[in-house]
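Structure data follow from run.txt (compact mmCIF, C-alpha atoms and all ligand atoms):
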# COMPACT_ATOMS: atom_id res chain seq x y z
CA MET A 1 90.92 96.94 103.22
CA THR A 2 89.64 99.29 100.52
CA SER A 3 89.54 103.04 101.02
CA ALA A 4 87.45 105.79 99.46
CA ALA A 5 90.38 108.19 99.63
CA PRO A 6 92.27 108.92 96.41
CA ASP A 7 95.42 106.85 96.40
CA ARG A 8 97.84 108.12 93.83
CA HIS A 9 100.93 106.81 95.57
CA GLN A 10 100.63 103.04 95.56
CA ASP A 11 104.28 102.66 94.47
CA ILE A 12 105.48 104.58 97.55
CA ARG A 13 103.07 102.68 99.77
CA ASP A 14 104.39 99.34 98.49
CA ALA A 15 108.04 100.33 98.87
CA VAL A 16 107.63 101.64 102.43
CA ARG A 17 105.56 98.60 103.34
CA ALA A 18 108.33 96.32 102.07
CA LEU A 19 110.88 98.17 104.20
CA CYS A 20 108.61 98.07 107.26
CA ALA A 21 108.13 94.31 106.80
CA GLN A 22 111.77 93.90 107.85
CA PHE A 23 110.79 95.41 111.24
CA PRO A 24 107.91 93.33 112.58
CA ASP A 25 105.83 93.91 115.71
CA THR A 26 108.39 92.06 117.80
CA TYR A 27 111.03 94.68 116.87
CA PHE A 28 108.92 97.66 117.98
CA ARG A 29 107.75 95.78 121.06
CA ARG A 30 111.37 95.19 122.11
CA VAL A 31 112.27 98.85 121.54
CA ASP A 32 109.24 99.93 123.56
CA ALA A 33 110.00 97.59 126.46
CA ALA A 34 113.62 98.81 126.58
CA HIS A 35 112.54 102.49 126.31
CA GLY A 36 114.92 102.54 123.38
CA TYR A 37 115.07 104.26 120.01
CA PRO A 38 114.41 102.29 116.80
CA ASP A 39 117.94 102.97 115.46
CA ALA A 40 118.02 100.16 112.90
CA PHE A 41 114.61 101.13 111.53
CA VAL A 42 115.51 104.82 111.28
CA ASP A 43 118.83 103.98 109.60
CA ALA A 44 116.97 101.87 107.05
CA LEU A 45 114.45 104.67 106.37
CA ILE A 46 117.22 107.22 105.93
CA GLY A 47 119.27 104.80 103.84
CA ALA A 48 116.33 104.33 101.48
CA GLY A 49 115.96 108.13 101.22
CA TRP A 50 112.44 108.30 102.67
CA LEU A 51 113.21 111.05 105.18
CA ALA A 52 114.52 113.20 102.33
CA ALA A 53 111.22 112.84 100.46
CA MET A 54 110.40 116.56 100.60
CA ILE A 55 113.92 117.92 100.09
CA PRO A 56 114.12 119.34 96.54
CA GLU A 57 116.14 117.37 94.00
CA GLU A 58 118.68 120.18 93.62
CA PHE A 59 119.66 119.52 97.26
CA GLY A 60 119.77 115.76 96.84
CA GLY A 61 116.26 114.85 97.99
CA ALA A 62 113.34 113.27 96.14
CA GLY A 63 111.47 116.58 95.67
CA LEU A 64 108.12 115.00 96.51
CA GLY A 65 105.05 116.86 97.72
CA LEU A 66 103.25 116.60 101.03
CA GLY A 67 100.81 113.98 99.65
CA PRO A 68 103.43 111.31 98.92
CA ALA A 69 105.46 112.28 102.00
CA SER A 70 102.38 111.78 104.15
CA VAL A 71 101.96 108.30 102.68
CA VAL A 72 105.43 107.43 104.00
CA MET A 73 104.39 108.47 107.52
CA GLU A 74 101.01 106.72 107.24
CA GLU A 75 102.56 103.45 106.13
CA ILE A 76 105.01 103.38 109.05
CA ASN A 77 102.11 103.55 111.50
CA ARG A 78 99.87 101.32 109.41
CA CYS A 79 102.55 98.62 109.53
CA GLY A 80 102.68 98.75 113.34
CA GLY A 81 105.59 101.17 113.83
CA ASN A 82 105.60 104.74 115.12
CA ALA A 83 106.63 107.58 112.83
CA GLY A 84 107.00 109.77 115.94
CA ALA A 85 110.61 108.63 116.04
CA VAL A 86 111.33 110.37 112.74
CA HIS A 87 108.59 112.74 111.60
CA GLY A 88 110.47 115.85 112.79
CA GLN A 89 112.87 115.65 109.89
CA MET A 90 110.04 115.80 107.35
CA TYR A 91 108.76 119.18 108.56
CA ASN A 92 111.83 120.76 110.18
CA MET A 93 113.72 120.71 106.91
CA GLY A 94 110.81 122.72 105.44
CA THR A 95 111.57 125.62 107.78
CA LEU A 96 115.15 125.67 106.54
CA LEU A 97 114.04 125.34 102.93
CA ARG A 98 111.48 128.15 103.07
CA HIS A 99 113.33 130.64 105.23
CA GLY A 100 117.01 129.69 105.30
CA SER A 101 119.65 131.57 103.32
CA GLU A 102 121.13 130.00 100.19
CA ALA A 103 124.32 129.32 102.18
CA GLN A 104 122.38 127.55 104.97
CA LYS A 105 120.45 125.44 102.45
CA ARG A 106 123.65 124.43 100.62
CA ARG A 107 125.37 123.67 103.90
CA TYR A 108 122.70 121.56 105.52
CA LEU A 109 120.12 120.18 103.07
CA PRO A 110 122.39 117.91 100.96
CA ALA A 111 123.90 116.46 104.15
CA ILE A 112 120.39 115.86 105.55
CA ALA A 113 119.32 114.24 102.27
CA GLU A 114 122.37 111.96 102.33
CA GLY A 115 121.68 110.99 105.94
CA ARG A 116 124.89 112.53 107.27
CA LEU A 117 122.95 115.09 109.35
CA ARG A 118 119.66 114.80 111.21
CA ILE A 119 117.31 117.72 111.85
CA GLN A 120 114.79 115.89 114.01
CA SER A 121 114.16 118.52 116.71
CA MET A 122 112.30 121.77 117.07
CA ALA A 123 112.25 123.62 120.40
CA VAL A 124 109.20 125.83 120.94
CA THR A 125 107.30 124.75 124.09
CA GLU A 126 108.29 126.17 127.49
CA PRO A 127 107.24 125.00 130.95
CA THR A 128 105.73 128.26 132.20
CA THR A 129 104.00 129.45 129.03
CA GLY A 130 102.64 126.28 127.37
CA THR A 131 100.45 126.96 124.36
CA ASP A 132 100.77 130.73 124.85
CA THR A 133 103.86 130.74 122.62
CA THR A 134 104.27 134.50 122.23
CA LYS A 135 105.08 134.72 125.96
CA ILE A 136 108.13 132.45 125.71
CA LYS A 137 110.90 133.49 128.08
CA THR A 138 113.94 131.95 126.39
CA THR A 139 116.03 134.83 125.06
CA ALA A 140 118.76 135.10 122.42
CA THR A 141 120.87 138.24 122.80
CA ARG A 142 123.20 139.38 120.05
CA LYS A 143 126.82 139.82 121.24
CA GLY A 144 129.12 140.59 118.31
CA ASP A 145 129.11 137.65 115.92
CA ARG A 146 127.19 135.37 118.32
CA TYR A 147 123.82 135.06 120.01
CA VAL A 148 123.78 134.11 123.68
CA VAL A 149 120.79 131.95 124.64
CA ASN A 150 119.29 131.65 128.14
CA GLY A 151 116.09 129.95 129.23
CA GLN A 152 114.31 126.64 129.33
CA LYS A 153 112.26 124.43 127.02
CA VAL A 154 110.16 121.37 127.76
CA TRP A 155 108.94 118.35 125.77
CA ILE A 156 111.56 118.75 123.10
CA SER A 157 111.65 115.52 121.14
CA ARG A 158 114.46 113.49 119.53
CA VAL A 159 117.24 115.80 120.78
CA GLN A 160 119.37 112.77 121.64
CA HIS A 161 118.92 111.45 118.11
CA SER A 162 119.45 114.63 116.15
CA ASP A 163 122.44 116.74 115.07
CA LEU A 164 120.50 119.94 114.49
CA MET A 165 117.62 121.63 116.29
CA ILE A 166 115.46 124.58 115.33
CA LEU A 167 115.11 126.92 118.31
CA LEU A 168 112.53 129.67 118.85
CA ALA A 169 113.73 132.40 121.22
CA ARG A 170 112.86 136.01 121.99
CA THR A 171 115.32 138.50 120.50
CA THR A 172 113.30 141.61 121.45
CA PRO A 173 111.52 141.80 124.82
CA LEU A 174 107.73 141.46 124.68
CA ALA A 175 107.38 144.95 126.19
CA ASP A 176 109.27 146.48 123.25
CA VAL A 177 107.29 145.05 120.32
CA ARG A 178 104.16 146.41 118.60
CA LYS A 179 102.55 142.98 118.23
CA ARG A 180 103.22 140.09 120.60
CA SER A 181 103.98 137.81 117.64
CA GLU A 182 106.96 140.01 116.73
CA GLY A 183 110.44 139.97 118.27
CA MET A 184 111.00 136.18 118.22
CA SER A 185 113.61 134.53 116.01
CA ILE A 186 114.56 131.04 114.94
CA PHE A 187 118.04 129.57 114.92
CA ILE A 188 119.77 126.38 113.88
CA VAL A 189 121.44 124.93 116.95
CA ASP A 190 124.18 122.42 116.25
CA LEU A 191 123.51 119.99 119.09
CA ARG A 192 126.92 118.39 118.70
CA ASP A 193 128.54 121.68 119.78
CA ALA A 194 125.84 122.85 122.17
CA VAL A 195 125.22 119.91 124.53
CA GLY A 196 127.54 120.29 127.52
CA HIS A 197 128.55 123.82 126.44
CA GLY A 198 125.58 125.87 127.61
CA LEU A 199 122.85 123.33 126.81
CA THR A 200 121.81 120.64 129.28
CA VAL A 201 119.39 117.91 128.21
CA ARG A 202 117.25 116.09 130.77
CA PRO A 203 115.06 113.24 129.45
CA ILE A 204 111.38 113.11 130.49
CA PRO A 205 110.11 109.57 131.12
CA ASN A 206 106.57 109.51 129.71
CA LEU A 207 103.49 107.43 128.86
CA VAL A 208 104.70 106.47 125.45
CA ASN A 209 108.18 105.42 124.34
CA HIS A 210 108.88 108.83 122.83
CA GLU A 211 112.27 110.44 123.35
CA THR A 212 111.46 113.86 124.73
CA ASN A 213 113.41 116.21 126.99
CA GLU A 214 113.72 119.31 129.13
CA LEU A 215 116.36 121.70 127.83
CA PHE A 216 118.25 124.21 129.95
CA PHE A 217 120.12 127.04 128.20
CA ASP A 218 122.79 128.72 130.28
CA ASN A 219 124.70 131.26 128.16
CA LEU A 220 124.71 128.95 125.15
CA GLU A 221 126.58 130.73 122.36
CA ILE A 222 125.51 130.18 118.78
CA PRO A 223 127.07 131.82 115.71
CA ALA A 224 125.02 134.77 114.40
CA GLU A 225 125.04 133.09 110.96
CA ASN A 226 122.77 130.40 112.44
CA LEU A 227 119.85 132.85 112.54
CA ILE A 228 117.23 131.64 110.03
CA GLY A 229 115.67 134.44 107.98
CA GLU A 230 115.19 137.87 109.50
CA GLU A 231 115.56 138.58 113.20
CA GLY A 232 112.15 139.13 114.82
CA ARG A 233 110.09 137.12 112.30
CA GLY A 234 110.60 133.66 113.80
CA PHE A 235 107.04 133.15 115.05
CA ARG A 236 105.72 133.72 111.52
CA TYR A 237 108.26 131.20 110.18
CA ILE A 238 107.18 128.58 112.74
CA LEU A 239 103.51 129.13 111.82
CA ASP A 240 104.40 128.62 108.15
CA GLY A 241 105.55 125.08 108.94
CA LEU A 242 102.52 124.02 110.95
CA ASN A 243 100.25 123.01 108.08
CA ALA A 244 102.75 120.41 106.88
CA GLU A 245 103.34 119.18 110.44
CA ARG A 246 99.61 118.82 111.14
CA THR A 247 98.89 117.04 107.88
CA LEU A 248 101.78 114.60 108.28
CA ILE A 249 100.63 113.75 111.79
CA ALA A 250 97.05 113.35 110.54
CA ALA A 251 98.44 110.76 108.09
CA GLU A 252 100.16 108.92 110.97
CA CYS A 253 96.86 108.82 112.86
CA ILE A 254 95.13 107.48 109.73
CA GLY A 255 97.78 104.76 109.59
CA ASP A 256 97.14 103.93 113.24
CA GLY A 257 93.40 103.94 112.62
CA TYR A 258 93.57 101.39 109.79
CA TRP A 259 95.96 99.26 111.85
CA PHE A 260 93.47 99.17 114.77
CA VAL A 261 90.52 98.40 112.49
CA GLU A 262 92.39 95.59 110.75
CA ARG A 263 93.42 94.03 114.06
CA ALA A 264 89.89 94.38 115.43
CA VAL A 265 88.31 92.80 112.33
CA ASN A 266 90.75 89.89 112.34
CA TYR A 267 90.22 89.19 116.01
CA ALA A 268 86.43 89.58 115.78
CA ASN A 269 86.42 87.00 112.98
CA GLU A 270 88.67 84.55 114.82
CA ARG A 271 87.66 84.71 118.46
CA ILE A 272 84.95 82.19 119.31
CA VAL A 273 82.80 82.85 122.37
CA PHE A 274 79.32 81.34 122.88
CA ASP A 275 80.17 79.00 119.99
CA ARG A 276 80.40 81.77 117.35
CA PRO A 277 82.84 84.45 116.28
CA ILE A 278 82.42 87.52 118.48
CA GLY A 279 82.20 89.58 115.25
CA LYS A 280 78.78 88.05 114.61
CA ASN A 281 77.43 90.20 117.42
CA GLN A 282 76.33 93.64 116.27
CA GLY A 283 77.50 95.01 119.61
CA VAL A 284 81.02 94.06 118.47
CA GLN A 285 80.81 94.78 114.74
CA PHE A 286 79.03 98.15 114.80
CA PRO A 287 81.71 100.05 116.75
CA ILE A 288 84.33 98.69 114.31
CA ALA A 289 82.22 99.82 111.34
CA GLU A 290 81.67 103.23 112.95
CA THR A 291 85.35 103.82 113.57
CA TYR A 292 86.22 102.74 110.00
CA ILE A 293 83.76 105.32 108.63
CA GLU A 294 85.40 108.03 110.73
CA ILE A 295 88.90 107.09 109.59
CA GLU A 296 87.76 107.16 105.98
CA ALA A 297 86.26 110.65 106.40
CA ALA A 298 89.44 111.90 108.11
CA ASN A 299 91.49 110.42 105.28
CA LEU A 300 89.57 112.43 102.69
CA MET A 301 90.28 115.64 104.61
CA ARG A 302 93.95 114.65 104.90
CA PHE A 303 94.27 114.29 101.11
CA ARG A 304 92.36 117.55 100.60
CA ALA A 305 94.90 119.32 102.84
CA CYS A 306 97.78 117.64 100.96
CA ASP A 307 96.40 118.65 97.56
CA LEU A 308 95.97 122.30 98.60
CA PHE A 309 99.43 122.40 100.20
CA ASP A 310 101.07 120.88 97.12
CA ALA A 311 99.25 123.36 94.87
CA GLY A 312 100.63 126.21 96.99
CA GLU A 313 97.11 127.17 98.15
CA PRO A 314 96.16 128.19 101.70
CA CYS A 315 95.32 125.05 103.70
CA GLY A 316 95.28 126.12 107.35
CA ALA A 317 91.65 125.12 107.85
CA GLU A 318 92.01 121.77 106.08
CA ALA A 319 95.30 120.88 107.82
CA ASN A 320 93.81 121.63 111.23
CA MET A 321 90.58 119.79 110.47
CA ALA A 322 92.50 116.78 109.12
CA LYS A 323 94.61 116.65 112.29
CA TYR A 324 91.51 116.92 114.49
CA LEU A 325 89.48 114.31 112.60
CA ALA A 326 92.36 111.87 112.24
CA ALA A 327 93.51 112.10 115.87
CA LYS A 328 89.94 111.62 117.08
CA ALA A 329 89.32 108.70 114.72
CA SER A 330 92.58 106.92 115.62
CA TRP A 331 91.89 107.27 119.33
CA GLU A 332 88.36 105.91 118.91
CA ALA A 333 89.74 103.06 116.80
CA ALA A 334 92.26 102.34 119.56
CA ASN A 335 89.46 102.07 122.11
CA VAL A 336 87.34 99.88 119.85
CA CYS A 337 90.29 97.60 119.09
CA MET A 338 91.10 97.31 122.79
CA GLN A 339 87.47 96.52 123.62
CA THR A 340 87.17 93.95 120.82
CA HIS A 341 90.19 92.10 122.20
CA GLY A 342 88.82 91.96 125.74
CA GLY A 343 91.56 91.02 128.19
CA PHE A 344 94.04 90.14 125.47
CA GLY A 345 94.14 93.79 124.36
CA PHE A 346 96.10 94.48 127.53
CA ALA A 347 98.77 91.90 126.81
CA ASN A 348 102.01 93.36 125.45
CA GLU A 349 102.31 90.62 122.85
CA TYR A 350 99.25 91.86 120.95
CA ASP A 351 100.83 95.36 120.49
CA ILE A 352 97.45 96.99 120.99
CA GLU A 353 98.27 98.57 124.34
CA ARG A 354 101.49 99.98 122.81
CA LYS A 355 99.74 101.51 119.81
CA PHE A 356 96.90 102.66 122.12
CA ARG A 357 99.40 104.68 124.18
CA GLU A 358 101.16 105.97 121.08
CA THR A 359 98.06 107.28 119.32
CA ARG A 360 96.73 109.01 122.45
CA LEU A 361 99.50 111.60 122.16
CA TYR A 362 97.93 113.22 119.12
CA GLN A 363 95.03 114.65 121.10
CA VAL A 364 97.60 116.87 122.81
CA ALA A 365 100.67 117.26 120.62
CA PRO A 366 101.81 118.95 118.52
CA ILE A 367 98.62 120.94 119.07
CA SER A 368 95.84 120.18 121.50
CA THR A 369 92.27 119.72 120.31
CA ASN A 370 91.01 122.91 121.97
CA LEU A 371 93.54 124.99 120.08
CA ILE A 372 92.27 123.52 116.79
CA PHE A 373 88.73 124.48 117.81
CA ALA A 374 90.00 127.99 118.59
CA TYR A 375 91.66 128.21 115.15
CA ILE A 376 88.49 127.13 113.31
CA ALA A 377 86.23 129.31 115.47
CA GLU A 378 88.31 132.44 115.01
CA HIS A 379 90.03 132.11 111.63
CA VAL A 380 87.39 130.19 109.68
CA LEU A 381 84.11 131.18 111.34
CA GLY A 382 85.01 134.74 112.32
CA LEU A 383 84.14 134.38 116.01
CA PRO A 384 85.87 136.74 118.49
CA ARG A 385 89.38 135.88 119.60
CA SER A 386 89.48 134.18 122.99
CA PHE A 387 93.15 134.81 123.73
C1 LIG B 401 105.44 113.46 123.95
C2 LIG B 401 105.45 114.93 123.60
C3 LIG B 401 106.33 115.40 122.63
C4 LIG B 401 106.38 116.77 122.34
N1 LIG B 401 107.33 117.24 121.45
C5 LIG B 401 107.51 118.57 121.31
C6 LIG B 401 108.60 119.10 120.53
O1 LIG B 401 109.37 118.34 119.93
N2 LIG B 401 108.78 120.44 120.47
C7 LIG B 401 107.95 121.32 121.12
O2 LIG B 401 108.17 122.53 121.03
N3 LIG B 401 106.90 120.86 121.88
C8 LIG B 401 106.67 119.52 121.98
N4 LIG B 401 105.62 119.03 122.76
C9 LIG B 401 104.77 119.98 123.47
C10 LIG B 401 103.35 120.05 122.92
O3 LIG B 401 103.33 120.75 121.70
C11 LIG B 401 102.50 120.71 124.01
O4 LIG B 401 102.42 119.80 125.09
C12 LIG B 401 101.14 121.07 123.53
O5 LIG B 401 101.24 122.08 122.54
C13 LIG B 401 100.27 121.57 124.67
O6 LIG B 401 100.97 122.51 125.45
P1 LIG B 401 101.06 122.34 127.05
O7 LIG B 401 101.47 120.95 127.33
O8 LIG B 401 101.92 123.40 127.60
O9 LIG B 401 99.57 122.53 127.53
P2 LIG B 401 98.92 123.85 128.10
O10 LIG B 401 99.12 125.00 127.16
O11 LIG B 401 99.33 124.01 129.51
O12 LIG B 401 97.39 123.43 128.02
C14 LIG B 401 96.84 122.42 128.91
C15 LIG B 401 95.41 122.13 128.47
O13 LIG B 401 94.62 123.32 128.53
C16 LIG B 401 94.06 123.60 127.26
N5 LIG B 401 94.06 125.05 127.03
C17 LIG B 401 95.09 125.93 127.25
N6 LIG B 401 94.72 127.17 126.90
C18 LIG B 401 93.45 127.09 126.44
C19 LIG B 401 92.52 128.02 125.92
N7 LIG B 401 92.82 129.32 125.79
N8 LIG B 401 91.29 127.59 125.56
C20 LIG B 401 90.96 126.28 125.68
N9 LIG B 401 91.81 125.34 126.15
C21 LIG B 401 93.03 125.74 126.53
C22 LIG B 401 94.91 122.87 126.23
O14 LIG B 401 94.15 122.57 125.09
C23 LIG B 401 95.35 121.65 127.01
O15 LIG B 401 94.40 120.62 126.88
C24 LIG B 401 105.51 117.66 123.01
C25 LIG B 401 104.58 117.18 123.95
C26 LIG B 401 104.55 115.83 124.26
C27 LIG B 401 103.57 115.35 125.32

Please go through the file and, once you have read it, give me the structure as structure tokens.
Ligand SMILES: Cc1cc2nc3c(=O)[nH]c(=O)nc-3n(C[C@H](O)[C@H](O)[C@H](O)COP(=O)(O)OP(=O)(O)OC[C@H]3O[C@@H](n4cnc5c(N)ncnc54)[C@H](O)[C@@H]3O)c2cc1C
Amino acid sequence: MTSAAPDRHQDIRDAVRALCAQFPDTYFRRVDAAHGYPDAFVDALIGAGWLAAMIPEEFGGAGLGLGPASVVMEEINRCGGNAGAVHGQMYNMGTLLRHGSEAQKRRYLPAIAEGRLRIQSMAVTEPTTGTDTTKIKTTATRKGDRYVVNGQKVWISRVQHSDLMILLARTTPLADVRKRSEGMSIFIVDLRDAVGHGLTVRPIPNLVNHETNELFFDNLEIPAENLIGEEGRGFRYILDGLNAERTLIAAECIGDGYWFVERAVNYANERIVFDRPIGKNQGVQFPIAETYIEIEAANLMRFRACDLFDAGEPCGAEANMAKYLAAKASWEAANVCMQTHGGFGFANEYDIERKFRETRLYQVAPISTNLIFAYIAEHVLGLPRSF
């Protein structure tokens, strides 16, 4: 399939595709059915250095920009896998890189690049506050050379497959800050020390085979040196990482979208009903063409966001729009692919129902569609704030 989007990373695409070829549909289907984690696949990705793509060379990574890194994520999904098992590492390390101390960077980044440490998790969402992040109730209170953490998080992904987690907690009560976005801080939590010693992890069975959890903090002690950046500025630091996160996930949706279109085209060409391929009917071919157009348009916005990010330019609008367009296009492609396959789309062995469930997530996480509309309305168009 050709694409109108600029593709300056064919070498990366080819290399990731070759790695993914070792993990065919049957592999991901088995993992999904067992509600398992794709350990062998993730080990192979880490072994080949792909999850260290954005770690600077001085810390042992490849020092690549967001554009090439997003191609890695896209290819995983385009080959039938799910980058949701690993994408956290791509953007969580950015928080450490941008805001961590020199000592923290030297301590963690080379080990992450070598694959000895995983930083797959970031804990922001809470059950009682949802998207209204500034009202989070989890607190971190300084006691001598430690912070003591109490509270609860929900939907925190990959905790059981990570060594480190970035945690957002309130260090100054909401009532005592000038602006509600102040008084929150971020920390590195070493999960190997924390679980069972103040941190309890309870898995949440969910629609898609995505390892995600409730976290309960009961006087969890973390060393004060694990504070990232300045106390009280954590919300700003989290926001700084969102453009990369949104653009990488847009790329995953683009990968899903092309996968669905390719499967739909193949099936529409092969399936004979009424003595002709179903793809001969415009009622079948037009929705596939329409969804392809939408994926292509989303892909252009994704590369625009990547280019701005890699040039160090503001890209909040483009990253949000790319995430919106790509998530919408991949979900529409999923529906079209399912419809094109008729009953067979529901059969596990076609992988469509699995990818259909997987791509649905991106309407909600890591940011729901309405919150993207709110961002564009308020920050791009200058409409009044709604919350
Ligand atoms: C599988 C999965 C994995 C996740 N992984 C992580 C993770 O690793 N770390 C993490 O911190 N979080 C994670 N999340 C949480 C995710 O980021 C949130 O679910 C998402 O941001 C939405 O928050 P919420 O579920 O609390 O919805 P709510 O905030 O309760 O919103 C519910 C609905 O109401 C809408 N809504 C709310 N307020 C407004 C408004 N003012 N105007 C218009 N519409 C509004 C929302 O758009 C949404 O559709 C994950 C979620 C899932 C499902």

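Proximity to Tyr91 (chain A) was assessed for A:Thr247, A:Thr212, A:Thr171, A:Thr129 counting all atoms listed in the file; the smallest distance is recorded for A:Thr247.
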
Go through chain A residue by residue and, counting only C-alpha atoms and all ligand atoms, keep those with an atom at most 7 Å from ligand LIG 401 (chain B); for each kept residue give the shortest atom pair and its distance in Å to one decimal, ordered by chain and increasing number, as a Markdown table.
| residue | atom | partner | partner_atom | distance |
| --- | --- | --- | --- | --- |
| A:Ser121 | CA | B:LIG401 | O1 | 5.8 |
| A:Met122 | CA | B:LIG401 | N2 | 5.1 |
| A:Ala123 | CA | B:LIG401 | O2 | 4.3 |
| A:Val124 | CA | B:LIG401 | O2 | 3.5 |
| A:Thr125 | CA | B:LIG401 | O2 | 3.9 |
| A:Glu126 | CA | B:LIG401 | O8 | 6.9 |
| A:Pro127 | CA | B:LIG401 | O8 | 6.5 |
| A:Thr129 | CA | B:LIG401 | O8 | 6.6 |
| A:Gly130 | CA | B:LIG401 | O8 | 3.0 |
| A:Thr131 | CA | B:LIG401 | O10 | 3.7 |
| A:Asp132 | CA | B:LIG401 | O10 | 6.4 |
| A:Val154 | CA | B:LIG401 | N3 | 6.7 |
| A:Trp155 | CA | B:LIG401 | C24 | 4.5 |
| A:Ile156 | CA | B:LIG401 | O1 | 3.9 |
| A:Ser157 | CA | B:LIG401 | O1 | 3.8 |
| A:His210 | CA | B:LIG401 | C1 | 5.9 |
| A:Thr212 | CA | B:LIG401 | C3 | 5.8 |
| A:Leu361 | CA | B:LIG401 | C27 | 6.4 |
| A:Val364 | CA | B:LIG401 | C12 | 5.5 |
| A:Ala365 | CA | B:LIG401 | C10 | 4.5 |
| A:Pro366 | CA | B:LIG401 | O3 | 4.0 |
| A:Ile367 | CA | B:LIG401 | O5 | 4.5 |
| A:Ser368 | CA | B:LIG401 | O14 | 4.6 |
| A:Thr369 | CA | B:LIG401 | O14 | 5.9 |
| A:Asn370 | CA | B:LIG401 | O14 | 4.4 |
| A:Leu371 | CA | B:LIG401 | O14 | 5.6 |
| A:Ser386 | CA | B:LIG401 | N7 | 6.5 |
| A:Phe387 | CA | B:LIG401 | N7 | 5.9 |

* **Interatomic distance, CA of Ile295 (chain A) to CA of Ala329 (chain A) (Å, one decimal)** =>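 Computed distance, CA of Ile295 (chain A) to CA of Ala329 (chain A), equals 5.4 Å.
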
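The spacing separating CA of Asn150 (chain A) from CA of Tyr108 (chain A) amounts to 25.0 Å.
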
* Asked: Which of these residues is nearest to Met165 (chain A), using only C-alpha atoms: A:Asp193, A:Glu74, A:Asp32, A:Glu114?
  ->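 Looking at the shortest contact to Met165 (chain A), the residue is A:Asp193.
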
* At what distance in Å, to one decimal, does CA of Tyr267 (chain A) lie from CA of Thr26 (chain A)? ->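 Those two atoms sit 18.5 Å apart.
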
* To do: Determine the nearest neighbour of Lys105 (chain A) from the options A:Gly60, A:Gly81, A:Gly255, A:Pro223, counting all atoms listed in the file.
  =>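 Closest to Lys105 (chain A) of all the choices is A:Gly60.
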
* To do: Do a neighbour search on Lys135 (chain A) at 12 Å with only C-alpha atoms, toss out local chain neighbours closer than 4 positions, and write the hits as a PyMOL selection string.
  => chain A and resi 124-131+139+168-170+172-175+177+179-184+235

* All residues 8 Å or closer to Leu199 (chain A), only C-alpha atoms, same chain fewer than 4 positions away omitted, as a PyMOL selection string -> chain A and resi 194-195+215-218+220

* Please work out which residues fall within 12 Å of (120.9, 119.4, 106.4), coordinates as given in the file, with only C-alpha atoms counting, and return them as a PyMOL selection string. => chain A and resi 51-52+55-56+59-61+89-90+92-97+100+103-120+162-166+188-190

* **Shell around Ala334 (chain A) at 7 Å using all atoms listed in the file, local window under 4 positions removed, as a ChimeraX atom specification** => /A:260,330,338,356

* Taking (99.7, 108.2, 127.0) in the file's coordinates as the center, which residues reach within 10 Å of it, counting only C-alpha atoms, put as an MDAnalysis selection string? -> chainID A and resid 206:209 354:364

* **Surrounding residues of Ala33 (chain A) excluding itself and chain neighbours under 3 positions, 10 Å, all atoms listed in the file, as number ranges by chain** => A: 28-30, 36, 209, 348, 354

* To do: May I ask which of the residues A:Gly63, A:Gly196, A:Pro203, A:Gly49 is the closest one to His35 (chain A), counting only C-alpha atoms?
  =>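 Counting only C-alpha atoms, the residue closest to His35 (chain A) is A:Pro203.
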
* Among listed residues A:Arg17, A:Arg246, A:His9, A:His87, nearest Ile372 (chain A) (using all atoms listed in the file) ->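 For Ile372 (chain A), the nearest of the candidates is A:Arg246.
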
* Structure fact -> Judged by all atoms listed in the file, the minimum distance to Leu66 (chain A) among A:Arg98, A:Lys280, A:Arg146, A:Arg302 is found for A:Arg302

* **Spatial neighbours of Val380 (chain A), 12 Å, only C-alpha atoms, chain gap at least 6 places, as a list in words** =>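 Surrounding residues, per the criterion: Cys315, Gly316, Ala317, Glu318, Asn320, Met321, Ile372, Phe373 and Ala374 of chain A.
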
Could region 261-268 of chain A be written out with N, CA and C atoms, as an mmCIF file, in the first residue's frame, please?
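Listing of out.cif after writing:
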data_model
loop_
_atom_site.group_PDB
_atom_site.id
_atom_site.type_symbol
_atom_site.label_atom_id
_atom_site.label_comp_id
_atom_site.auth_asym_id
_atom_site.auth_seq_id
_atom_site.Cartn_x
_atom_site.Cartn_y
_atom_site.Cartn_z
ATOM 1 N N VAL A 261 -7.183 -1.876 6.871
ATOM 2 C CA VAL A 261 -7.468 -1.637 5.451
ATOM 3 C C VAL A 261 -6.898 -2.777 4.609
ATOM 4 N N GLU A 262 -5.667 -3.168 4.933
ATOM 5 C CA GLU A 262 -5.035 -4.242 4.153
ATOM 6 C C GLU A 262 -5.842 -5.542 4.264
ATOM 7 N N ARG A 263 -6.244 -5.860 5.489
ATOM 8 C CA ARG A 263 -7.047 -7.086 5.672
ATOM 9 C C ARG A 263 -8.382 -6.981 4.938
ATOM 10 N N ALA A 264 -8.997 -5.795 5.001
ATOM 11 C CA ALA A 264 -10.301 -5.627 4.345
ATOM 12 C C ALA A 264 -10.155 -5.760 2.828
ATOM 13 N N VAL A 265 -9.110 -5.132 2.271
ATOM 14 C CA VAL A 265 -8.896 -5.196 0.812
ATOM 15 C C VAL A 265 -8.659 -6.645 0.391
ATOM 16 N N ASN A 266 -7.786 -7.335 1.115
ATOM 17 C CA ASN A 266 -7.488 -8.724 0.743
ATOM 18 C C ASN A 266 -8.753 -9.578 0.750
ATOM 19 N N TYR A 267 -9.519 -9.423 1.820
ATOM 20 C CA TYR A 267 -10.721 -10.261 1.945
ATOM 21 C C TYR A 267 -11.741 -9.889 0.865
ATOM 22 N N ALA A 268 -11.886 -8.574 0.627
ATOM 23 C CA ALA A 268 -12.871 -8.125 -0.373
ATOM 24 C C ALA A 268 -12.498 -8.624 -1.765
#
